[in-house]
Every structure is written in C-alpha cells, then in structure tokens.
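*Asks:* Here it is, the structure, as structure tokens.
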Amino acid sequence: MSARIADWTKGEAAIVYQRCGSCGDVQYFHRAFCAACGAPDPREYRASGRGTVYATSLVCRAATPETRAHLPYNILLVDCAEGFRMMAHGEKDLAIGDEVTAQFASFAGKLVPFFTKV
Amino acid sequence: MSFITGVGLTPYGKHEGSSSLDLMSRAAQLALDDAGLTRAEIDGVLCGYSTVSPHIMLATVFAEHFGIRPAYAHAVQVGGATGLAMTMLAHHLVEAGVVRHVLVVAGENRLTGQSRDASIQALAQVGHPDYEVPLGPTIPAYYGLVASRYMHEYGVTEEDLAEFAVLMRAHACTHPGAQFHEPITVADVMASKPVAMPLKLLDCCPVSDGGAAFVISSERTGADGVRIRGCAQAHTHQHVTAAPALSELGAEISIARAKQASRLAISDVRYAAVYDSFTITLAMLLEDLGLAGRGEAAARVRSGYFGRDGRMPLNTHGGLLSYGHCGVGGAMAHLAETHLQMTGRAGHRQVRDASIALLHGDGGVLSSHVSMFLEQVR
C-alpha cells in the first residue's frame with residue numbers, strides 16, 4: 001500500500017482524495033480499496049482546492065462549548081474540481097453554485113478546510 | 001400473512017423519573033392489553049436502542065425486566081427508521097413461522113435523562129468521525145444542507161417548509177398525548193430562533209421522553225384486523241457527504257419496492273404516516289413517495305389535502321414535529337396512530353377512510369428508508 005499523504009484530518013493544510021487505478025473511480029473518504037470496484041490500493045492525490053458550492057447551512061446552535069465559541073459558522077458541501085464532494089466551512093455569504101477555493105482555518109482546536117469565493 | 005394486533009403509546013414530553021426501561025415497559029403493557037395477549041404468549045421481542053442507556057443486549061435486558069422468555073430476541077438499529085424496520089422484520093419472522101407473536105418495543109427518557117446538549121451531540125455522531133464531525137455539524141445542519149439544495153433545485157421557500165410545522169402542530173392540538181398543544185402560524189415558524197439555516201427552531205422536532213410498542217402476530221386476536229400488506233427498504237449511504245443526487249434518494253427506491261411487494265399503487269392509499277424529523281424531511285419524503293408532485297407538497301398542505309378531513313390525512317397525531325421525538329419510539333407513534341385510525345378508534349381525530357395506509361421511515365440523513373403498506377381487514 002502506498003504511504004498516506006497527510007491531510008486536514010491529520011492536521012496538515014491539504015485536501016486529499018483517492019483515484020482507483022483499475023476503474024478510475026474517485027473517492028474522498030480514505031479506504032484501502034476502491035468502494036466502487038473493490039480493487040486494492042487506490043492512489044492518493046492532493047486536491048487543487050477548487051470547487052463549486054453544492055449546499056450550505058449556517059449553524060446557529062451548537063452542542064459543545066468549543067464549537068459554540070465559533071457561532072455562527074457556515075457548513076458547506078463542495079463539489080471539488082477533481083470529482084468528489086466534501087464537507088467544509090466557508091464564508092457566511094456563499095451561495096449554491098459559487099466557485100470557491102480552499103484555505104484552512106482553526107476551528108475548535110483543529111485545522112479545517114475553509115472555502116472562500118474565487 | 002401478518003397482522004398488527006396491538007399498539008401501545010405513552011404521551012410524549014417529560015416523564016420525570018422514568019427510565020428507558022420504564023417507558024418501554026409501559027408501552028409494552030399497553031400493546032399487550034390492546035392485543036389481548038399475555039406475556040407468556042409473546043415468543044419474539046425486537047427492541048430499539050436508547051442513547052441515554054446504551055447496552056449491547058437491550059432486547060434481553062428488556063425481556064428479563066418485563067418478565068418474558070422469548071424464543072427470538074435482539075435489538076435493531078437503523079436510526080429513525082428503526083421502528084418500521086423492526087415491524088418489517090417481525091412481519092417476515094411471523095410469515096416464516098419462526099414466531100407467532102412479536103413484541104416490537106422502544107422507549108427513551110431522552111429529554112429528562114440527559115442534557116439537550118448531550119442529545120444533540122450524541123445524534124451528531126451519525127456524521128463521519130474524520131471528515132464531518134470535526135466541522136461541528138449537528139443533525140439540523142445535515143438536514144439544513146439537504147434543505148438548501150432541495151429549495152435551490154425545486155424552488156421551495158422557507159415559508160413553504162413552515163406550512164408542515166403548522167400542520168403538525170394543528171394535528172397535535174387534537175391529541176392529548178402530544179408534547180405541544182399551542183397552535184402556531186407560518187409567521188411564528190419564520191420568527192423562531194435560527195438553528196441551522198434554513199431550518200429554524202419550529203422546523204425541528206423536539207427532544208422527548210416516551211415509549212411505543214406493537215404486537216405483530218400470525219393471526220388476528222380481535223375482530224378488527226390490520227394486516228401488513230407489503231414493505232421494503234433502501235439504503236444508499238450513511239453520511240450526507242456521500243449521499244446521491246436528490247433524484248436518486250432511497251425513499252423512491254424503497255417505495256417502488258414496497259409497491260411491488262404489496263401490489264398497491266399510491267392511488268390506493270387513504271392515510272399517510274410519514275417521517276417528519278424536520279419540515280424539510282416531510283416535504284421531501286411526501287414528494288419522493290409520490291404523495292405530491294415535485295415542489296408541490298406545501299401547496300397541498302395549504303389546500304387542506306393532508307388535514308384530517310382532506311384527501312390524504314397525514315400524521316393526525318402531530319408527528320415528530322409536535323407529538324414529539326423520543327428516538328426509536330418517535331416514528332413508532334406514527335404507526336400507533338395509524339392503527340387507531342384503521343380500527344376506528346381515533347375518537348375526534350378519526351378520519352373517514354383509512355382502509356389502506358402508507359408508512360415511511362427515514363434514518364440517518366435520508367440514509368435508510370423503510371416503506372410499508374397496511375391494509376384494513378374486516
């Protein structure tokens with residue numbers, strides 16, 4: 001198996017996805033196999049951070065003191081240029097269809113992807 | 001063939017001092033009494049889960065506590081779809097001759113047994129632990145994302161969504177067991193506190209204490225019969241990040257399978273009981289199931305179509321939005337109410353005709369679906 005590239009879930013300022021060498025399917029949630037065809041060892045790539053807003057929800061009620069300190073915060077689903085969808089944070093005035101690019105921000109003690117309008 | 005021979009439902013809201021087992025037991029006794037059965041006659045037990053009192057063997061914990069020694073027992077976990085999934089399994093167990101009488105039970109002191117924050121946090125864990133939960137989402141946020149997209153694609157407005165909250169509250173006002181009895185207006189919903197936009201407080205179901213139970217049997221135990229005509233499931237994803245396009249969600253798949261299993265069409269349905277964790281959930285499911293055209297469910301609410309006296313009475317007890325939501329028991333109240341309607345026992349809530357009912361449950365973030373048709377037999 002190829003070595004994992006560290007991404008934001010491991011504290012690195014990067015978004016990483018996998019592409020299957022056998023069927024070409026792209027997946028965002030890391031696995032040791034392709035969920036579409038089952039082939040082992042899909043290759044990892046760093047994403048460009050470019051994408052389009054698919055959905056948004058401005059969170060105004062949170063359940064922990066750490067997240068409450070950030071209220072309100074905008075949660076997005078972003079369709080990334082490489083063909084996968086991801087959840088992230090973003091500017092509060094983003095709308096569905098906006099072209100966006102990824103930065104990274106600190107949230108509740110962790111690094112999270114934060115999208116801004118291109 | 002299988003029949004729903006008894007139902008039991010506690011009021012929802014605050015049951016100060018009651019444990020999950022207390023609420024399960026109360027509902028189970030009501031269901032047994034309704035079916036006219038004794039503990040010794042119950043040979044199967046299916047139960048849901050309790051976030052307040054998690055246990056790896058809740059069905060046997062309950063069976064011991066309640067005083068039955070079943071031939072078949074285990075818990076089932078499919079989020080909000082659990083109640084109907086258990087009923088579907090009971091139907092198949094009875095049809096296969098494994099057991100004669102299955103007790104399906106759930107109950108939870110979710111409101112008074114833990115803090116509201118603890119409930120919200122426990123439920124948010126349906127999100128992906130690495131790729132979603134660190135972003136601080138809540139269940140309303142997962143559904144808020146879906147709502148934003150649905151509104152964008154189909155031209156649905158926040159005022160449209162508010163109609164569903166108003167309707168469920170109007171129905172709850174006629175049920176003494178409901179958590180909320182104060183009528184609300186679209187303006188009240190619009191002015192309620194933002195939770196996860198576009199969803200506001202009154203677009204969201206409450207956290208409740210309560211219990212619900214059914215008995216599913218191989219034969220009728222009384223004169224009135226409610227038969228499970230056919231049911232089906234669909235599971236397309238767990239996490240909202242991995243959800244398919246809006247036009248490919250599981251409700252459409254499960255209803256197609258259930259129609260095939262029951263040899264029924266939507267035009268046969270006289271009463272609907274549909275999962276309504278949020279106003280958007282109800283709007284989408286009604287349209288996915290074919291009970292309204294795309295983007296047209298709110299207009300049908302406004303025209304009275306889903307009212308008690310309308311063409312398709314819907315959740316006449318007030319649904320999750322206003323009867324209350326105690327976890328697995330939450331959507332089981334929909335079936336308990338349907339049973340009362342189908343057996344002519346709904347009192348001043350009674351609809352004219354509930355001869356064929358459609359029930360639909362959803363778990364996760366539109367992840368797991370169960371569709372079920374019930375038929376009145378006399």
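How things are named: the first chain in the structure tokens is A, the next is B, and so on; residues count from 1 in each chain; ligands count from 1 in the order shown.
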Please, which residues in chain B fall within 7 Å of chain A when counting only C-alpha atoms, and what is the closest atom pair and distance in Å to one decimal for each, ordered by chain then residue number, as a Markdown table?

*Replies:*
```
| residue | atom | partner | partner_atom | distance |
| --- | --- | --- | --- | --- |
| B:Asp117 | CA | A:Ala63 | CA | 4.8 |
| B:Ile120 | CA | A:Ala63 | CA | 6.1 |
| B:Gln121 | CA | A:Ala63 | CA | 5.8 |
| B:Asp130 | CA | A:Thr9 | CA | 6.1 |
| B:Tyr131 | CA | A:Thr9 | CA | 6.8 |
| B:Glu132 | CA | A:Met87 | CA | 6.3 |
| B:Leu135 | CA | A:Ala88 | CA | 6.8 |
| B:Gly136 | CA | A:Thr67 | CA | 6.1 |
| B:Ala141 | CA | A:Ser57 | CA | 5.9 |
| B:Gly144 | CA | A:Ser57 | CA | 5.3 |
| B:Leu145 | CA | A:Thr56 | CA | 5.1 |
| B:Val146 | CA | A:Ala55 | CA | 6.9 |
| B:Ser148 | CA | A:Ala55 | CA | 5.8 |
| B:Arg149 | CA | A:Ala55 | CA | 5.3 |
| B:Pro194 | CA | A:Cys60 | CA | 6.0 |
| B:Val195 | CA | A:Cys60 | CA | 4.9 |
| B:Ala196 | CA | A:Val59 | CA | 4.3 |
| B:Met197 | CA | A:Leu58 | CA | 5.0 |
| B:Pro198 | CA | A:Ser57 | CA | 6.7 |
| B:Thr241 | CA | A:Met86 | CA | 5.9 |
```

*Asks:* Any chance you could export the current selection's C-alpha atoms as a short mmCIF file (atom, residue, chain, number, x, y, z; two decimals), in the first residue's frame?

*Replies:*
```
data_model
loop_
_atom_site.label_atom_id
_atom_site.label_comp_id
_atom_site.auth_asym_id
_atom_site.auth_seq_id
_atom_site.Cartn_x
_atom_site.Cartn_y
_atom_site.Cartn_z
CA ASP B 117 -26.63 19.28 24.50
CA ILE B 120 -27.62 16.86 20.15
CA GLN B 121 -24.02 15.71 20.47
CA ASP B 130 -12.95 12.07 10.47
CA TYR B 131 -14.44 14.02 7.58
CA GLU B 132 -17.63 15.56 9.08
CA LEU B 135 -16.51 20.52 11.43
CA GLY B 136 -19.05 20.87 14.26
CA ALA B 141 -27.08 21.11 9.96
CA GLY B 144 -30.09 22.12 6.64
CA LEU B 145 -27.60 21.26 3.89
CA VAL B 146 -30.12 18.99 2.20
CA SER B 148 -30.70 24.36 0.97
CA ARG B 149 -30.14 22.15 -2.05
CA PRO B 194 -32.31 30.06 13.74
CA VAL B 195 -30.84 26.59 14.39
CA ALA B 196 -29.09 25.55 11.16
CA MET B 197 -30.33 27.67 8.29
CA PRO B 198 -32.65 27.40 6.52
CA THR B 241 -21.28 13.90 2.06
#
```

*Asks:* Tell me which protein, DNA and RNA residues are within 8 Å of Val94 of chain B, counting only C-alpha atoms, leaving out same-chain ones fewer than 5 positions away, and put them as a list in words.

*Replies:* Met1, Ser2, Val99, Arg100, His101, Val102, Ile216, Ser217 and Ser218 of chain B

*Asks:* With only C-alpha atoms as the basis for distance, which of B:Val240, B:Ile42, B:Ala106, B:Leu321 is at the shortest distance from Leu9 of chain B?

*Replies:*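 Of all the options, B:Ala106 lies closest to Leu9 of chain B.
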
*Asks:* What lies within 10 Å of segment 249-255 of chain B using only C-alpha atoms, ignoring chain neighbours under 4 positions off, as a short mmCIF file (atom, residue, chain, number, x, y, z; two decimals) with C-alpha atoms, in the first residue's frame?

*Replies:*
```
data_model
loop_
_atom_site.label_atom_id
_atom_site.label_comp_id
_atom_site.auth_asym_id
_atom_site.auth_seq_id
_atom_site.Cartn_x
_atom_site.Cartn_y
_atom_site.Cartn_z
CA CYS B 231 -42.88 -3.47 2.88
CA ALA B 232 -39.38 -2.76 1.61
CA GLN B 233 -36.17 -0.91 2.44
CA ALA B 234 -33.43 1.02 0.68
CA HIS B 235 -30.03 2.16 1.98
CA THR B 236 -27.99 4.40 -0.31
CA HIS B 237 -25.38 5.92 2.03
CA ALA B 243 -25.50 10.98 -0.46
CA PRO B 244 -26.62 10.50 -4.06
CA ALA B 245 -28.34 13.24 -6.09
CA LYS B 259 -45.46 -1.10 -4.15
CA GLN B 260 -44.23 -4.22 -5.90
CA ALA B 261 -44.30 -6.29 -2.69
CA ALA B 265 -50.31 1.99 -6.02
CA ILE B 266 -50.14 5.41 -4.37
CA MET B 284 -39.05 15.78 0.54
CA LEU B 285 -40.45 12.40 1.56
CA LEU B 286 -44.01 13.30 0.52
CA GLU B 287 -42.67 14.23 -2.90
CA ASP B 288 -40.29 11.26 -3.15
CA LEU B 289 -43.13 8.88 -2.24
CA GLY B 290 -45.42 10.37 -4.87
CA LEU B 358 -48.71 4.09 3.71
CA LEU B 359 -45.99 4.47 6.33
CA HIS B 360 -42.47 5.65 5.67
CA GLY B 361 -39.47 5.96 7.97
CA ASP B 362 -36.06 7.54 7.42
CA LEU B 366 -32.11 10.28 4.35
CA SER B 367 -29.75 7.29 4.52
CA SER B 368 -32.01 4.37 5.45
CA HIS B 369 -35.60 4.04 4.32
CA VAL B 370 -38.49 1.70 5.11
CA SER B 371 -41.81 1.92 3.25
CA MET B 372 -44.80 -0.12 4.41
CA PHE B 373 -48.41 -0.58 3.31
#
```

*Asks:* Return the single residue from B:Leu167, B:Leu123, B:Ala336, B:Val269 that is closest to Ser303 of chain B, with distances computed using only C-alpha atoms.

*Replies:* B:Leu167

*Asks:* Which of chain A end up as helix (DSSP H, G or I) when DSSP is run on this backbone - answer as a PyMOL selection string?

*Replies:* chain A and resi 8-10+65-68

*Asks:* Would you save the residues from that selection as a PDB file, in the first residue's frame, using C-alpha atoms?

*Replies:*
```
ATOM      1  CA  TRP A   8      -6.558  18.274   7.164  1.00  0.00           C
ATOM      2  CA  THR A   9      -7.982  15.350   9.130  1.00  0.00           C
ATOM      3  CA  LYS A  10      -4.362  14.759  10.285  1.00  0.00           C
ATOM      4  CA  PRO A  65     -18.550  24.908  24.383  1.00  0.00           C
ATOM      5  CA  GLU A  66     -15.657  24.624  21.859  1.00  0.00           C
ATOM      6  CA  THR A  67     -17.912  24.851  18.792  1.00  0.00           C
ATOM      7  CA  ARG A  68     -20.261  27.396  20.409  1.00  0.00           C
TER       8      ARG A  68
END
```

*Asks:* To one decimal place in Å, what is the distance between atom CA of Val301 of chain B and atom CA of Lys14 of chain B?

*Replies:*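 That distance, rounded to one decimal, is 29.5 Å.
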
*Asks:* What lies within 7 Å of Val105 of chain B using only C-alpha atoms, ignoring chain neighbours under 5 positions off, as a PDB file with C-alpha atoms, in the first residue's frame?

*Replies:*
```pdb
ATOM      1  CA  MET B  24     -40.558   0.584  27.216  1.00  0.00           C
ATOM      2  CA  ALA B  28     -45.302  -2.851  26.001  1.00  0.00           C
ATOM      3  CA  LEU B  46     -37.471  -6.785  18.932  1.00  0.00           C
ATOM      4  CA  CYS B  47     -36.387  -3.540  20.517  1.00  0.00           C
ATOM      5  CA  GLY B  48     -34.687  -0.332  19.507  1.00  0.00           C
ATOM      6  CA  ALA B 212     -44.204   2.951  21.945  1.00  0.00           C
ATOM      7  CA  ALA B 213     -44.837  -0.735  21.255  1.00  0.00           C
ATOM      8  CA  PHE B 214     -46.682  -3.030  18.840  1.00  0.00           C
TER       9      PHE B 214
END
```

*Asks:* Which one of B:Ala223, B:Ala333, B:Val104, B:Val156 sits closest to Leu32 of chain B if you count only C-alpha atoms?

*Replies:*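 Closest candidate: B:Val104.
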
*Asks:* From the options B:Gln376, B:Thr38, B:Thr82, B:Thr316, which residue's atoms come nearest to Ala272 of chain B, counting only C-alpha atoms?

*Replies:* B:Thr316

*Asks:* Please, what distance in Å, to one decimal, runs between atom CA of Leu374 of chain B and atom CA of Val226 of chain B?

*Replies:*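 Interatomic distance here is 6.6 Å.
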
*Asks:* Write out as a ChimeraX atom specification the set of residues from chain A that DSSP, computed on the backbone, places in strand (DSSP E).

*Replies:* /A:16-19,26-27,43-46,50-59,73-80,85-90,99-107,110-117

*Asks:* Just give me the gap between atom CA of Gly230 of chain B and atom CA of His317 of chain B in Å, one decimal is fine.

*Replies:*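 It comes out at 23.4 Å.
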